[in-house]
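**Student:** Sharing a structure, written as structure tokens. Questions coming.
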Amino acid sequence: MPSIRSESSPSARRADPAALLAWYDRERRELPWRSPPGERPDPYLVWLSEIMLQQTTVATVGPYFDRFVARCPDIGALAAASLDEVLHLWQGLCYYARARNLHACARAVVDRHGGCFPDDPRQLRALPGIVDYTAAAIAAIAFDQPLAAVDGNVERVVARLFVERAPLPAAKPRLRALAASLVPKERAGDFAQALMDLGAVICTPRRPRCILCPWRGACAAAAMGIAESLPTQAEKPERPLRCGVAFWLMREDGAVLLRRRPERGLLGGMIELPSTPWRAVPWTESEAIAAAPARTAWTALPGTVQHGFTHFRLEMALLAATIAEPIPGIWARPRDFKDYALPTLTKKLVNYALSALP
């Protein structure tokens with residue numbers, strides 16, 4: 001691979017993979033999806049962990065991963081599970097498109113590849129939910145392919161090592177190329193995990209522990225005393241506000257009306273309280289009642305429920321009512337809601353309704 005010029009590339013190119021691997025052999029994190037030293041990683045566990053870890057922390061993922069593997073110990077079991085089961089196991093991890101893609105990917109691996117993950121990154125990228133990073137991570141960690149798996153931790157390490165001042169996300173392609181220039185021909189899987197660990201425990205966003213870093217002597221940002229200032233981030237636009245109204249409709253026996261969201265789109269396939277569409281303009285009470293699931297006497301509960309999505313903020317009001325003649329739909333008592341795949345937003349609305357109603 002041709003050399004990549006950088007502000008401090010002569011120093012950064014001296015970063016020795018062997019030094020990082022020696023550090024990793026001593027300090028590697030013990031993670032439930034990580035194989036013991038000397039054992040070949042399980043591609044299923046590598047893939048499952050990489051999907052779960054997208055936009056989620058290791059500490060959060062651990063218990064979910066253990067429950068998931070207990071129910072679906074291999075790709076065949078996951079492919080045989082229903083989407084409802086998968087969504088129920090996933091609830092609380094957010095970004096539910098990942099769960100739908102996880103289920104679709106398991107079935108694709110069984111149907112197209114006989115239940116075995118391919119080791120070719122191009123074939124991996126053709127599977128549902130697997131993007132360039134995930135394909136590189138699986139190929140490197142599970143199959144020891146000499147590829148750079150560049151997540152947020154690795155971006156930070158590389159930006160500091162080479163003093164890459166361009167802000168993210170524009171700097172991502174350059175950081176991927178720089179990371180690729182570091183990958184050794186041997187132990188590529190361990191090297192990929194070592195870089196992730198280095199960013200997670202040493203080269204942290206705030207107060208990096210440079211004195212303990214195996215690459216301290218090769219890091220240009222550490223030499224310049226600017227490690228904590230890198231990488232820079234482009235200013236994010238303020239997320240717009242959307243508004244909606246949810247409906248708490250109760251039968252005389254205490255059961256509450258629920259509904260399933262469409263399979264495609266935000267929170268696809270999850271179970272929720274019926275609601276109006278979400279829009280930029282707040283709903284008047286009369287508008288909301290006109291969109292309600294039943295014609296009955298509705299009462300507005302005080303206050304609103306706030307929730308944040310990646311690209312917008314949501315503010316939900318609640319209307320409550322009882323009905324004598326049940327209408328078609330999913331009816332469940334609140335004590336049984338635990339049996340349904342409810343997104344965090346719905347759990348917030350349920351808790352709010354239960355606290356506000358007599």
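Letters A, B, ... mark the chains of the structure tokens in the order given; residue numbers begin at 1 per chain; ligand numbers begin at 1, in order shown.
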Residues at most 7 Å from range 312-325 of chain A, counting only C-alpha atoms, excluding those fewer than 4 positions away in the same chain, as a PDB file with C-alpha atoms, in the first residue's frame?

**Tutor:**
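Wrote result.pdb, looks like this:
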ATOM      1  CA  ARG A 239     -32.718  18.566  16.037  1.00  0.00           C
ATOM      2  CA  PRO A 240     -36.227  19.683  15.035  1.00  0.00           C
ATOM      3  CA  LEU A 241     -39.189  19.158  17.367  1.00  0.00           C
ATOM      4  CA  ARG A 242     -42.130  16.958  16.379  1.00  0.00           C
ATOM      5  CA  CYS A 243     -45.405  16.665  18.242  1.00  0.00           C
ATOM      6  CA  GLY A 244     -47.972  13.922  18.659  1.00  0.00           C
ATOM      7  CA  VAL A 245     -50.774  12.662  20.881  1.00  0.00           C
ATOM      8  CA  ALA A 246     -51.015   9.116  22.269  1.00  0.00           C
ATOM      9  CA  PHE A 247     -54.274   7.457  23.303  1.00  0.00           C
ATOM     10  CA  TRP A 248     -54.755   5.461  26.500  1.00  0.00           C
ATOM     11  CA  LEU A 249     -57.988   3.569  25.806  1.00  0.00           C
ATOM     12  CA  MET A 250     -59.076   1.176  28.561  1.00  0.00           C
ATOM     13  CA  ARG A 251     -61.743  -1.515  28.667  1.00  0.00           C
ATOM     14  CA  GLU A 252     -63.876  -2.096  31.741  1.00  0.00           C
ATOM     15  CA  THR A 296     -65.841   8.226  23.307  1.00  0.00           C
ATOM     16  CA  ALA A 297     -65.247  10.868  25.988  1.00  0.00           C
ATOM     17  CA  TRP A 298     -61.527  11.660  26.024  1.00  0.00           C
ATOM     18  CA  THR A 299     -59.703  13.445  28.841  1.00  0.00           C
ATOM     19  CA  ALA A 300     -56.377  15.219  28.351  1.00  0.00           C
ATOM     20  CA  LEU A 301     -53.725  14.280  30.908  1.00  0.00           C
ATOM     21  CA  GLY A 303     -48.079  17.665  30.819  1.00  0.00           C
ATOM     22  CA  THR A 304     -46.236  15.890  28.022  1.00  0.00           C
ATOM     23  CA  VAL A 305     -43.711  13.091  27.549  1.00  0.00           C
ATOM     24  CA  GLN A 306     -40.371  14.013  25.966  1.00  0.00           C
ATOM     25  CA  HIS A 307     -38.270  11.597  23.919  1.00  0.00           C
ATOM     26  CA  GLY A 308     -35.224  11.978  21.710  1.00  0.00           C
TER      27      GLY A 308
END

**Student:** Just the residues within 7 Å of Ala104 in chain A, please, counting only C-alpha atoms, with nothing from its chain fewer than 4 positions along; format it as a list in words.

**Tutor:**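 With the cut-off at 7 Å, the set is Arg100, Ala108 and Pro128 of chain A.
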
**Student:** For the helix (DSSP H, G or I) assignment from backbone DSSP, which residues of range 141-301 of chain A qualify? Please present them as a ChimeraX atom specification.

**Tutor:** /A:141-143,152-161,172-180,188-202,210-212,216-218,220-224,227-229,285-290

**Student:** Hey, what's within 12 Å of Val109 in chain A if we count only C-alpha atoms and toss same-chain stuff fewer than 4 positions away? As a PyMOL selection string, please?

**Tutor:** chain A and resi 43-44+47+74-80+101-105+113-119+123-128+130

**Student:** If we count only C-alpha atoms, what is near Pro41 in chain A at a cut-off of 12 Å, once residues fewer than 3 positions away on the same chain are taken out, given as a ChimeraX atom specification?

**Tutor:** /A:32-38,44-47,49,137-144,189-190,193

**Student:** Between A:Leu342, A:Pro262, A:Arg156, A:Pro334, which one has atoms that come closest to Leu93 in chain A, using only C-alpha atoms?

**Tutor:** A:Leu342

**Student:** Could you give me, as a count of residues only, the residues within 7 Å of range 222-231 of chain A, counting only C-alpha atoms and dropping anything in the same chain fewer than 2 positions from it?

**Tutor:** 14

**Student:** Could you please determine the separation between CA of Pro326 in chain A and CA of Arg264 in chain A in Å, to one decimal place?

**Tutor:**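 Going from CA of Pro326 in chain A over to CA of Arg264 in chain A, I get 28.0 Å.
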
**Student:** Using only C-alpha atoms, find the one residue out of A:Glu27, A:Asp66, A:Ala99, A:Leu21 that sits nearest to Gln54 in chain A.

**Tutor:** A:Ala99

**Student:** Quick check, in Å to one decimal: how far apart do CA of Ala200 in chain A and CA of His311 in chain A lie?

**Tutor:**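 Value for the CA of Ala200 in chain A-CA of His311 in chain A distance: 25.7 Å.
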
**Student:** Which is closer to Ile330 in chain A than all the others in A:Leu257, A:Ala221, A:Ala356, A:Leu267, using only C-alpha atoms?

**Tutor:** A:Leu257

**Student:** Of the candidates A:Glu186, A:Asp197, A:Glu238, A:Glu287, which one gets nearest to Ala18 in chain A if we count only C-alpha atoms?

**Tutor:** A:Glu186

**Student:** Just asking: which residues within range 27-256 of chain A are strand (DSSP E) according to DSSP, as number ranges by chain?

**Tutor:** A: 241-251, 256

**Student:** Just the selected residues (N, CA, C and O atoms), exported as a compact mmCIF listing (two decimals), in the first residue's frame, please.

**Tutor:**
# COMPACT_ATOMS: atom_id res chain seq x y z
N LEU A 241 -38.20 19.69 16.43
CA LEU A 241 -39.19 19.16 17.37
C LEU A 241 -40.41 18.68 16.60
O LEU A 241 -40.93 19.38 15.72
N ARG A 242 -40.87 17.47 16.91
CA ARG A 242 -42.13 16.96 16.38
C ARG A 242 -43.10 16.73 17.53
O ARG A 242 -42.68 16.49 18.67
N CYS A 243 -44.37 16.77 17.21
CA CYS A 243 -45.40 16.66 18.24
C CYS A 243 -46.42 15.59 17.87
O CYS A 243 -46.70 15.37 16.69
N GLY A 244 -46.94 14.93 18.88
CA GLY A 244 -47.97 13.92 18.66
C GLY A 244 -48.82 13.75 19.89
O GLY A 244 -48.54 14.34 20.95
N VAL A 245 -49.87 12.96 19.77
CA VAL A 245 -50.77 12.66 20.88
C VAL A 245 -50.98 11.16 20.92
O VAL A 245 -51.32 10.54 19.90
N ALA A 246 -50.78 10.55 22.07
CA ALA A 246 -51.02 9.12 22.27
C ALA A 246 -52.34 8.91 22.97
O ALA A 246 -52.82 9.80 23.72
N PHE A 247 -52.94 7.74 22.76
CA PHE A 247 -54.27 7.46 23.30
C PHE A 247 -54.22 6.27 24.25
O PHE A 247 -53.78 5.18 23.88
N TRP A 248 -54.67 6.51 25.48
CA TRP A 248 -54.75 5.46 26.50
C TRP A 248 -56.23 5.07 26.60
O TRP A 248 -57.01 5.69 27.28
N LEU A 249 -56.59 4.01 25.86
CA LEU A 249 -57.99 3.57 25.81
C LEU A 249 -58.12 2.28 26.59
O LEU A 249 -57.49 1.27 26.26
N MET A 250 -58.98 2.31 27.64
CA MET A 250 -59.08 1.18 28.56
C MET A 250 -60.46 0.54 28.50
O MET A 250 -61.47 1.23 28.42
N ARG A 251 -60.49 -0.78 28.53
CA ARG A 251 -61.74 -1.52 28.67
C ARG A 251 -62.16 -1.56 30.13
O ARG A 251 -61.36 -1.25 31.03
N VAL A 256 -55.80 -2.43 28.07
CA VAL A 256 -55.52 -1.20 27.33
C VAL A 256 -55.27 -1.55 25.87
O VAL A 256 -54.65 -2.59 25.56
